[in-house]
Amino acid sequence: MYLLGNNSIKYPWQIPKDFPYHALKKADREKFIEFVDNYNEKLKFSICAKWTFVLVKLFYLPIARAYHADMRKHKFVLLQQALFRLYPYQFWGQGENNKTMRLGCSVDHQLAFIDFIDFSKNKDNWIGVKLPMQILLSGSGTFNHPYQLDFCTDALIKSIALIKFDFFKEKLPVFLENFNSQLNKLSFYKFEV
């Protein structure tokens with residue numbers, strides 16, 4: 001499940017409630033829904049943070065980009081810590097029938113996702129991904145932050161490689177690598193025009 005927004009001052013993250021119903025056990029699911037209701041407001045940037053960013057941008061532009069990146073990283077760390085405090089230690093372990101989740105994000109901390117993991121499923125009994133599926137790109141489509149697929153950490157994109165067609169096993173990693181380089185070129189040309 002992808003978080004909505006791009007973790008910026010204008011478009012902060014928002015955790016959606018439309019995750020798979022059977023992804024968590026009933027007690028954990030209810031706890032997560034309550035967490036989402038309470039924590040979405042905390043994902044927004046405060047007035048103080050907004051004005052601090054504006055002042056940094058006005059008075060010392062060269063560090064504004066790095067400052068905003070640090071603000072995004074800080075929001076991710078706070079979300080990660082809040083999720084770890086929500087559930088007991090056993091929830092995060094790899095039990096045989098354990099249902100848990102993992103939080104991840106792109107390198108630039110703009111695209112975040114929560115993966116729901118069911119340890120009772122393995123490579124042999126897993127049906128596979130349902131195609132077609134939507135995949136979000138990280139970045140904002142600008143010269144400094146081009147769109148890109150995060151094929152190293154995004155579990156949804158990694159799951160495409162588990163499709164039971166031998167054709168994909170060799171060609172998919174090369175396609176994803178080339179896809180990112182083509183997106184970078186498109187951003188560059190868009191910038192030049």
# chains A, B, ... in the order shown; residues from 1 in each chain; ligands from 1
$ select_by_dssp --residues "region 21-63 of chain A" --states "alpha helix (DSSP H)" --output "ChimeraX atom specification"
/A:26-39,47-59
$ residues_around --residues "Pro88 (chain A)" --least-positions-apart "6" --cutoff "12 Å" --atoms "only C-alpha atoms" --output "list in words"
Asp28, Lys31, Ala82 and Thr100 of chain A
$ closest_residue --among "A:Ile63, A:Leu43, A:Ile135, A:Val56" --to "Phe76 (chain A)" --atoms "only C-alpha atoms"
A:Leu43
$ closest_atom_pairs --of "region 34-87 of chain A" --to "region 108-122 of chain A" --cutoff "10 Å" --atoms "only C-alpha atoms" --output "Markdown table"
| residue | atom | partner | partner_atom | distance |
| --- | --- | --- | --- | --- |
| A:Ala69 | CA | A:Asp108 | CA | 6.9 |
| A:Asp70 | CA | A:His109 | CA | 9.0 |
| A:Met71 | CA | A:His109 | CA | 9.4 |
| A:Arg72 | CA | A:His109 | CA | 5.8 |
| A:Lys73 | CA | A:His109 | CA | 5.8 |
| A:His74 | CA | A:His109 | CA | 9.2 |
| A:Lys75 | CA | A:His109 | CA | 8.8 |
| A:Phe76 | CA | A:His109 | CA | 7.0 |
| A:Val77 | CA | A:His109 | CA | 10.0 |
$ closest_residue --among "A:Ala66, A:Leu3, A:Ile9, A:Leu149" --to "Leu103 (chain A)" --atoms "only C-alpha atoms"
A:Leu3
$ atom_distance --atom1 "CA of Asn38 (chain A)" --atom2 "CA of Lys17 (chain A)"
12.0 Å
$ atom_distance --atom1 "CA of Met1 (chain A)" --atom2 "CA of Phe19 (chain A)"
6.3 Å
$ atom_distance --atom1 "CA of Gly5 (chain A)" --atom2 "CA of Asn144 (chain A)"
18.4 Å
